[in-house]
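One file, query_11.cif, carrying mmCIF, C-alpha atoms:
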data_structure
#
loop_
_atom_site.label_atom_id
_atom_site.label_comp_id
_atom_site.auth_asym_id
_atom_site.auth_seq_id
_atom_site.Cartn_x
_atom_site.Cartn_y
_atom_site.Cartn_z
CA MET A 1 14.46 -16.38 -18.84
CA ILE A 2 11.71 -19.00 -18.67
CA ALA A 3 11.37 -20.90 -21.97
CA SER A 4 7.74 -21.92 -21.63
CA PRO A 5 5.04 -21.78 -19.00
CA SER A 6 5.20 -24.70 -16.62
CA ALA A 7 3.21 -26.22 -13.82
CA GLU A 8 5.62 -24.44 -11.52
CA PHE A 9 4.74 -21.09 -13.07
CA ARG A 10 1.04 -21.91 -12.83
CA ASP A 11 1.46 -22.67 -9.12
CA ALA A 12 3.42 -19.46 -8.57
CA LEU A 13 0.70 -17.42 -10.26
CA LEU A 14 -1.97 -19.21 -8.25
CA ALA A 15 -0.13 -18.42 -5.01
CA SER A 16 0.06 -14.74 -6.00
CA ILE A 17 -3.66 -14.35 -6.69
CA PRO A 18 -4.75 -13.47 -3.10
CA ASN A 19 -2.23 -10.62 -2.91
CA MET A 20 -3.02 -9.41 -6.42
CA ARG A 21 -6.73 -9.37 -5.59
CA ALA A 22 -6.10 -7.43 -2.38
CA PHE A 23 -3.97 -4.86 -4.20
CA ALA A 24 -6.51 -4.61 -7.04
CA ILE A 25 -9.36 -4.08 -4.56
CA SER A 26 -7.27 -1.41 -2.84
CA LEU A 27 -6.79 0.35 -6.17
CA CYS A 28 -10.32 0.23 -7.57
CA GLY A 29 -12.40 -0.35 -4.42
CA ASN A 30 -14.54 -2.93 -6.16
CA HIS A 31 -14.31 -6.71 -5.86
CA ALA A 32 -15.81 -7.57 -9.24
CA ARG A 33 -13.59 -5.12 -11.10
CA ALA A 34 -10.59 -6.30 -9.09
CA ASP A 35 -11.24 -9.89 -10.18
CA ASP A 36 -11.46 -8.75 -13.81
CA LEU A 37 -8.11 -7.00 -13.38
CA VAL A 38 -6.51 -10.09 -11.88
CA GLN A 39 -7.89 -12.17 -14.73
CA ASP A 40 -6.28 -9.79 -17.26
CA VAL A 41 -2.99 -9.93 -15.36
CA LEU A 42 -2.95 -13.73 -15.36
CA VAL A 43 -3.48 -13.86 -19.11
CA LYS A 44 -0.87 -11.15 -19.75
CA ALA A 45 1.66 -12.79 -17.44
CA TRP A 46 1.16 -16.15 -19.11
CA SER A 47 1.57 -14.80 -22.62
CA ASN A 48 4.58 -12.65 -21.64
CA ILE A 49 6.41 -15.20 -19.57
CA ASP A 50 9.43 -14.86 -21.85
CA LYS A 51 9.83 -11.31 -20.53
CA PHE A 52 10.06 -12.45 -16.93
CA GLN A 53 13.59 -12.89 -15.67
CA GLU A 54 13.77 -16.06 -13.63
CA GLY A 55 15.16 -15.44 -10.17
CA THR A 56 13.70 -11.94 -9.96
CA ASN A 57 10.70 -10.98 -7.87
CA LEU A 58 7.62 -12.52 -9.51
CA LYS A 59 5.22 -10.73 -7.18
CA ALA A 60 6.73 -7.32 -8.04
CA TRP A 61 6.50 -8.18 -11.76
CA LEU A 62 2.84 -9.18 -11.42
CA PHE A 63 2.04 -6.07 -9.38
CA THR A 64 3.65 -3.90 -12.05
CA ILE A 65 1.46 -5.52 -14.71
CA LEU A 66 -1.57 -5.13 -12.46
CA ARG A 67 -0.94 -1.46 -11.82
CA ASN A 68 -0.33 -0.70 -15.50
CA THR A 69 -3.44 -2.65 -16.48
CA TYR A 70 -5.51 -0.76 -13.92
CA LEU A 71 -4.28 2.65 -15.08
CA SER A 72 -4.69 1.79 -18.74
CA ASP A 73 -8.17 0.42 -18.08
CA ARG A 74 -9.10 3.55 -16.19
CA ARG A 75 -7.91 5.78 -18.98
CA LYS A 76 -9.89 3.76 -21.52
CA ARG A 77 -13.08 3.73 -19.53
CA LYS A 78 -12.85 7.38 -18.53
CA ARG A 79 -15.48 6.55 -16.00
CA GLU A 80 -13.44 7.27 -12.97
CA VAL A 81 -12.28 10.79 -12.27
CA GLU A 82 -8.92 11.23 -10.61
CA ASP A 83 -9.84 12.00 -7.05
CA ALA A 84 -6.85 13.86 -5.70
CA ASN A 85 -8.93 15.92 -3.32
CA GLY A 86 -11.37 13.22 -2.34
CA VAL A 87 -14.30 15.32 -3.55
CA TYR A 88 -15.87 12.51 -5.53
CA SER A 89 -15.45 10.00 -2.73
CA ASP A 90 -17.04 12.45 -0.33
CA ARG A 91 -20.21 12.20 -2.37
CA LEU A 92 -20.09 8.43 -2.44
CA SER A 93 -19.40 7.75 1.18
CA THR A 94 -20.71 8.78 4.51
CA PRO A 95 -18.16 10.32 6.84
CA PRO A 96 -17.70 8.67 10.23
CA GLU A 97 -20.67 9.67 12.34
CA GLN A 98 -18.74 9.86 15.51
CA TYR A 99 -15.17 10.88 16.10
CA GLY A 100 -12.83 8.79 18.13
CA HIS A 101 -13.97 5.34 17.12
CA LEU A 102 -11.63 3.97 14.56
CA ASP A 103 -12.96 0.93 12.80
CA MET A 104 -12.20 -0.88 9.60
CA LYS A 105 -15.07 0.76 7.76
CA ASP A 106 -13.64 4.19 8.53
CA LEU A 107 -10.23 3.06 7.34
CA LYS A 108 -11.55 1.63 4.08
CA VAL A 109 -13.60 4.75 3.36
CA ALA A 110 -10.60 6.95 4.15
CA LEU A 111 -8.30 4.83 1.96
CA LEU A 112 -10.55 5.34 -1.05
CA LYS A 113 -10.40 9.08 -0.51
CA LEU A 114 -6.65 9.11 -1.04
CA SER A 115 -5.34 9.81 -4.51
CA THR A 116 -4.37 6.68 -6.45
CA ASP A 117 -0.68 7.59 -6.20
CA GLN A 118 -0.81 7.87 -2.42
CA ARG A 119 -3.02 4.83 -1.94
CA GLU A 120 -0.88 2.50 -4.02
CA ALA A 121 2.31 3.70 -2.30
CA LEU A 122 0.80 3.21 1.14
CA VAL A 123 -0.54 -0.25 0.33
CA LEU A 124 2.64 -1.46 -1.37
CA ILE A 125 4.85 -0.35 1.53
CA GLY A 126 2.57 -0.53 4.54
CA ALA A 127 0.46 -3.56 3.71
CA GLU A 128 2.32 -5.62 1.10
CA GLY A 129 5.72 -5.12 2.72
CA PHE A 130 7.57 -4.20 -0.47
CA SER A 131 10.79 -2.26 0.01
CA TYR A 132 10.85 1.38 -1.10
CA GLU A 133 13.00 0.34 -4.06
CA GLU A 134 10.57 -2.36 -5.15
CA ALA A 135 7.59 -0.03 -4.76
CA ALA A 136 9.41 2.63 -6.79
CA ASP A 137 10.06 0.09 -9.56
CA ILE A 138 6.42 -1.01 -9.56
CA CYS A 139 5.16 2.57 -9.73
CA GLY A 140 7.87 3.73 -12.13
CA CYS A 141 9.07 6.60 -9.95
CA ALA A 142 11.93 7.57 -7.65
CA VAL A 143 12.36 6.13 -4.17
CA GLY A 144 12.05 9.61 -2.67
CA THR A 145 8.72 10.05 -4.43
CA ILE A 146 7.41 6.85 -2.85
CA LYS A 147 8.56 7.99 0.59
CA SER A 148 6.90 11.31 0.11
CA ARG A 149 3.64 9.73 -1.09
CA VAL A 150 3.56 7.32 1.87
CA ASN A 151 4.15 10.19 4.23
CA ARG A 152 1.39 12.29 2.73
CA ALA A 153 -0.95 9.28 2.60
CA ARG A 154 -0.59 8.40 6.25
CA ASN A 155 -1.02 12.01 7.34
CA ARG A 156 -4.09 12.34 5.15
CA LEU A 157 -5.49 9.10 6.58
CA ALA A 158 -5.18 10.39 10.12
CA GLU A 159 -6.81 13.63 9.03
CA LEU A 160 -9.67 11.89 7.23
CA MET A 161 -10.28 9.64 10.18
CA HIS A 162 -10.27 12.63 12.52
CA VAL A 163 -7.61 10.97 14.62
CA GLU A 164 -5.18 13.26 16.37
CA THR A 165 -4.32 11.43 19.54
CA MET A 166 -4.20 7.83 20.70
CA ALA A 167 -6.88 8.65 23.27
CA GLU A 168 -9.31 9.11 20.41
CA PHE A 169 -9.11 5.50 19.38
CA GLY A 170 -12.11 3.50 20.31
CA PRO A 171 -11.88 -0.06 21.60
CA GLU A 172 -10.94 -2.40 18.82
CA PRO A 173 -10.76 -6.09 19.71
CA LEU A 174 -8.00 -7.40 17.47
CA THR A 175 -5.55 -4.53 17.42
CA GLY A 176 -6.37 -3.85 21.04
CA ALA A 177 -5.32 -7.40 21.80
CA VAL A 178 -2.10 -6.93 19.87
CA LEU A 179 -1.34 -3.72 21.73
CA ASN A 180 -2.11 -5.31 25.08
CA GLN A 181 0.06 -8.28 24.21
CA SER A 182 2.94 -5.97 23.28
CA ALA A 183 2.51 -4.02 26.50
CA SER A 184 2.62 -7.14 28.64
CA HIS A 185 6.02 -8.22 27.25
CA MET B 1 17.94 15.54 -4.91
CA THR B 2 20.30 13.19 -6.64
CA LYS B 3 19.44 9.71 -7.73
CA SER B 4 22.13 8.18 -5.54
CA LYS B 5 20.47 9.62 -2.46
CA ASP B 6 17.20 8.12 -3.63
CA LYS B 7 18.64 4.68 -3.71
CA GLN B 8 19.33 4.39 -0.01
CA PRO B 9 18.60 0.78 0.91
CA LYS B 10 15.61 0.27 3.17
CA SER B 11 14.56 -3.00 4.66
CA ALA B 12 11.21 -4.40 3.61
CA THR B 13 10.56 -5.17 7.23
CA ALA B 14 11.15 -1.60 8.43
CA ASP B 15 8.07 -0.10 10.01
CA PRO B 16 6.77 2.24 7.32
CA PHE B 17 4.67 4.09 9.85
CA GLU B 18 7.54 4.98 12.08
CA THR B 19 7.80 8.76 12.18
CA ARG B 20 11.25 9.43 10.85
CA SER B 21 12.75 12.74 9.99
CA ASP B 22 13.04 11.81 6.33
CA MET B 23 9.40 10.79 6.28
CA ILE B 24 8.26 13.97 7.97
CA GLU B 25 10.07 16.15 5.52
CA GLY B 26 9.51 13.96 2.49
CA ASP B 27 12.08 14.36 -0.25
CA LYS B 28 13.83 17.19 1.51
CA GLY B 29 14.65 15.05 4.51
CA ASN B 30 17.34 12.92 2.93
CA LYS B 31 20.12 15.18 4.19
CA LYS B 32 22.28 13.42 6.73
CA ARG B 33 22.29 15.02 10.15
CA PRO B 34 24.53 14.19 13.09
CA ALA B 35 22.72 12.16 15.77
CA THR B 36 23.15 15.00 18.25
CA GLU B 37 20.96 17.20 16.14
CA THR B 38 17.98 14.88 16.32
CA ASN B 39 16.35 16.52 19.32
CA ASN B 40 16.93 19.97 17.92
CA HIS B 41 15.36 18.83 14.70
CA THR B 42 12.29 17.50 16.50
CA GLU B 43 11.90 20.77 18.33
CA LYS B 44 12.31 22.75 15.12
CA LEU B 45 9.73 20.51 13.50
CA GLY B 46 7.36 21.10 16.37
CA ARG B 47 7.81 24.86 16.10
CA ARG B 48 7.33 24.82 12.35
CA SER B 49 4.15 22.74 12.48
CA GLY B 50 2.82 24.41 15.60
CA LEU B 51 3.11 21.14 17.53
CA LYS B 52 4.91 20.50 20.76
CA LYS B 53 7.45 17.68 21.00
CA THR B 54 4.93 15.49 22.81
CA SER B 55 2.51 15.95 19.93
CA VAL B 56 5.11 14.66 17.51
CA VAL B 57 5.59 11.57 19.67
CA MET B 58 1.82 11.15 19.93
CA GLU B 59 1.54 11.45 16.17
CA SER B 60 3.99 8.59 15.85
CA ASP B 61 1.76 6.38 18.02
CA VAL B 62 -1.28 7.29 15.96
CA GLN B 63 0.53 6.46 12.73
CA LYS B 64 1.68 3.13 14.11
CA HIS B 65 -1.87 2.30 15.10
CA ILE B 66 -3.22 3.26 11.69
CA GLY B 67 -0.47 1.12 10.18
CA ARG B 68 -1.61 -1.89 12.20
CA CYS B 69 -5.20 -1.29 11.15
CA LEU B 70 -4.17 -1.04 7.52
CA GLN B 71 -2.29 -4.33 7.72
CA GLU B 72 -5.25 -5.94 9.43
CA ALA B 73 -7.74 -4.69 6.82
CA TYR B 74 -5.42 -5.73 3.99
CA GLY B 75 -4.90 -9.13 5.63
CA GLU B 76 -8.65 -9.67 5.52
CA LEU B 77 -8.63 -9.06 1.77
CA VAL B 78 -5.68 -11.39 1.22
CA SER B 79 -7.39 -14.17 3.17
CA GLU B 80 -10.53 -14.07 1.02
CA PRO B 81 -11.05 -17.24 -1.03
CA VAL B 82 -9.83 -17.16 -4.63
CA PRO B 83 -12.74 -17.23 -7.12
CA ASP B 84 -13.00 -20.60 -8.86
CA TYR B 85 -13.00 -19.08 -12.33
CA LEU B 86 -9.53 -17.63 -11.80
CA ILE B 87 -8.20 -21.06 -10.85
CA LYS B 88 -9.92 -22.56 -13.88
CA LEU B 89 -8.40 -19.86 -16.08
CA LEU B 90 -4.91 -20.86 -14.97
CA ASP B 91 -5.70 -24.54 -15.52
CA ASP B 92 -7.00 -23.76 -19.01
CA LEU B 93 -3.91 -21.73 -19.86
CA ALA B 94 -1.64 -24.53 -18.64
CA ALA B 95 -3.64 -27.16 -20.56
CA LYS B 96 -3.64 -25.08 -23.75
CA ASP B 97 0.11 -24.64 -23.49
CA LYS B 98 0.60 -28.37 -22.95
CA ASP B 99 -1.37 -29.17 -26.10
CA LYS B 100 0.93 -27.04 -28.25
#

Now that the file is in, can you turn its structure into structure tokens?
Amino acid sequence: MIASPSAEFRDALLASIPNMRAFAISLCGNHARADDLVQDVLVKAWSNIDKFQEGTNLKAWLFTILRNTYLSDRRKRKREVEDANGVYSDRLSTPPEQYGHLDMKDLKVALLKLSTDQREALVLIGAEGFSYEEAADICGCAVGTIKSRVNRARNRLAELMHVETMAEFGPEPLTGAVLNQSASH
Amino acid sequence: MTKSKDKQPKSATADPFETRSDMIEGDKGNKKRPATETNNHTEKLGRRSGLKKTSVVMESDVQKHIGRCLQEAYGELVSEPVPDYLIKLLDDLAAKDKDK
């Protein structure tokens, strides 16, 4: 257990901010609100440092605080309706005008149409690189539940993006380059 | 499903978009099957979902591609500059603690 906050802890928190911001933006879809969330997490982490077990995963601890803060904030505000079916997001966003051209905008719109449970599971595993066990700890559920949510999330993403075959992907410079590079090896 | 089956270790580096039998079937897919049954399983899956085996393979490619796009989009968010006021907040917290 850490006795008191140190410069080392400050540096560790600072290094975690970019990932916390990215996760917060993924959860709430709003940069300003995400920054407010990260600010709350930093203050909570600092004042609860005695609860952090040194040697354990700081990032997972911070993500747990972030997720709980987000959910608690959402409950308090009651401004955001749980969007399990994506109905609300449908009203807010424009669906891709043309099928077959996957771009980042499509992906971001589709991500926000996922339920919070599915989105956080997908981001924690697929983007943050947490293990299933770590993601389950962060979300307070069973490993099998995380697997199931990731599976449903990725299938729903493909569905939302109207992607059924690789041939439907449009040219995409960066990932195209990665694919070409892989193919040439 | 028992808790012990839930706790199967998975590597953080494993491709989460790889189409695995346990992912396809969600929680129900944790049953161990002999390796020789894999192809039969894929065919059964295809029959159940109305897809041919090639479609299942194609789906795997699509999921991998979406996975790459997700990582790319997320990477863009991570690489955004940290707002100054968050850095200042940490400095203030550290300074306040030092004064105690």

6 Å contact set for Val78 in chain B, only C-alpha atoms, chain neighbours under 3 positions out, as a list in words: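 Counting only C-alpha atoms, the residues come to Pro18, Asn19 and Ala22 of chain A; Gly75 of chain B.
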
Exercise: residues within 6 Å of coordinate (-0.1, 7.4, 0.7), counting only C-alpha atoms, as a count of residues only: 9

Hits of the PyMOL selection byres ((chain A) within 8 of (chain B)) in this structure, as an MDAnalysis selection string: chainID A and resid 5:7 10 14 17:19 21:22 39 42:43 46 104 107:108 125:127 129:133 142:145 147:148 151 154:155 158 163:166 175

Atom pair CA of Ala45 in chain A / CA of Ser115 in chain A: separation (Å):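 That distance, rounded to one decimal, is 27.0 Å.
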
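Interatomic distance, CA of Lys105 in chain A to CA of Ala24 in chain A: 17.9 Å.
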
For CA of Leu27 in chain A and CA of Glu120 in chain A, the interatomic separation in Å (one decimal): 6.6 Å

Minimum-distance residue to Ile49 in chain A, chosen among A:Leu157, A:Phe23, A:Phe9, A:Asn30 (using only C-alpha atoms):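 Result for the nearest residue to Ile49 in chain A: A:Phe9.
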
Top pick for closest residue to Lys59 in chain A, considering A:Leu37, A:Ala135, A:Leu71, A:Ile146 and counting only C-alpha atoms: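 Counting only C-alpha atoms, the residue closest to Lys59 in chain A is A:Ala135.
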
10 Å contact set for Asn57 in chain A, all atoms listed in the file, chain neighbours under 5 positions out, as a list of chain:residue names: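 Close residues of Asn57 in chain A: A:Phe52, A:Leu62, A:Glu134.
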
Store the residues of this selection in a file with C-alpha atoms, as an mmCIF file, in the coordinates of the input.
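The new file part06.cif reads:
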data_model
loop_
_atom_site.group_PDB
_atom_site.id
_atom_site.type_symbol
_atom_site.label_atom_id
_atom_site.label_comp_id
_atom_site.auth_asym_id
_atom_site.auth_seq_id
_atom_site.Cartn_x
_atom_site.Cartn_y
_atom_site.Cartn_z
ATOM 1 C CA PHE A 52 10.060 -12.450 -16.930
ATOM 2 C CA LEU A 62 2.840 -9.180 -11.420
ATOM 3 C CA GLU A 134 10.570 -2.360 -5.150
#

Given the PyMOL selection byres ((chain A and resi 66) around 9), the residues it picks as a ChimeraX atom specification: /A:20,23-24,37-38,40-41,61-65,67-71

Taking the partial coordinates given, rebuild range 30-43 of chain A to contain N, CA and C atoms; return it as a JSON list (two decimals), in the frame of the given file.
[["chain", "number", "residue", "atom", "x", "y", "z"],
["A", 30, "ASN", "N", -13.40, -2.15, -5.68],
["A", 30, "ASN", "CA", -14.54, -2.93, -6.16],
["A", 30, "ASN", "C", -14.09, -4.37, -6.42],
["A", 31, "HIS", "N", -14.73, -5.31, -5.76],
["A", 31, "HIS", "CA", -14.31, -6.71, -5.86],
["A", 31, "HIS", "C", -14.43, -7.27, -7.29],
["A", 32, "ALA", "N", -15.57, -6.99, -7.91],
["A", 32, "ALA", "CA", -15.81, -7.57, -9.24],
["A", 32, "ALA", "C", -14.79, -7.03, -10.25],
["A", 33, "ARG", "N", -14.55, -5.73, -10.17],
["A", 33, "ARG", "CA", -13.59, -5.12, -11.10],
["A", 33, "ARG", "C", -12.18, -5.61, -10.79],
["A", 34, "ALA", "N", -11.91, -5.80, -9.50],
["A", 34, "ALA", "CA", -10.59, -6.30, -9.09],
["A", 34, "ALA", "C", -10.36, -7.70, -9.67],
["A", 35, "ASP", "N", -11.39, -8.54, -9.63],
["A", 35, "ASP", "CA", -11.24, -9.89, -10.18],
["A", 35, "ASP", "C", -11.02, -9.85, -11.69],
["A", 36, "ASP", "N", -11.69, -8.92, -12.37],
["A", 36, "ASP", "CA", -11.46, -8.75, -13.81],
["A", 36, "ASP", "C", -10.01, -8.35, -14.08],
["A", 37, "LEU", "N", -9.50, -7.45, -13.23],
["A", 37, "LEU", "CA", -8.11, -7.00, -13.38],
["A", 37, "LEU", "C", -7.14, -8.16, -13.20],
["A", 38, "VAL", "N", -7.39, -8.95, -12.15],
["A", 38, "VAL", "CA", -6.51, -10.09, -11.88],
["A", 38, "VAL", "C", -6.56, -11.08, -13.05],
["A", 39, "GLN", "N", -7.75, -11.27, -13.58],
["A", 39, "GLN", "CA", -7.89, -12.17, -14.73],
["A", 39, "GLN", "C", -7.03, -11.68, -15.90],
["A", 40, "ASP", "N", -7.10, -10.38, -16.18],
["A", 40, "ASP", "CA", -6.28, -9.79, -17.26],
["A", 40, "ASP", "C", -4.79, -9.99, -16.98],
["A", 41, "VAL", "N", -4.41, -9.80, -15.72],
["A", 41, "VAL", "CA", -2.99, -9.93, -15.36],
["A", 41, "VAL", "C", -2.52, -11.36, -15.57],
["A", 42, "LEU", "N", -3.34, -12.33, -15.20],
["A", 42, "LEU", "CA", -2.95, -13.73, -15.36],
["A", 42, "LEU", "C", -2.71, -14.06, -16.84],
["A", 43, "VAL", "N", -3.62, -13.59, -17.68],
["A", 43, "VAL", "CA", -3.48, -13.86, -19.11],
["A", 43, "VAL", "C", -2.23, -13.16, -19.67]]
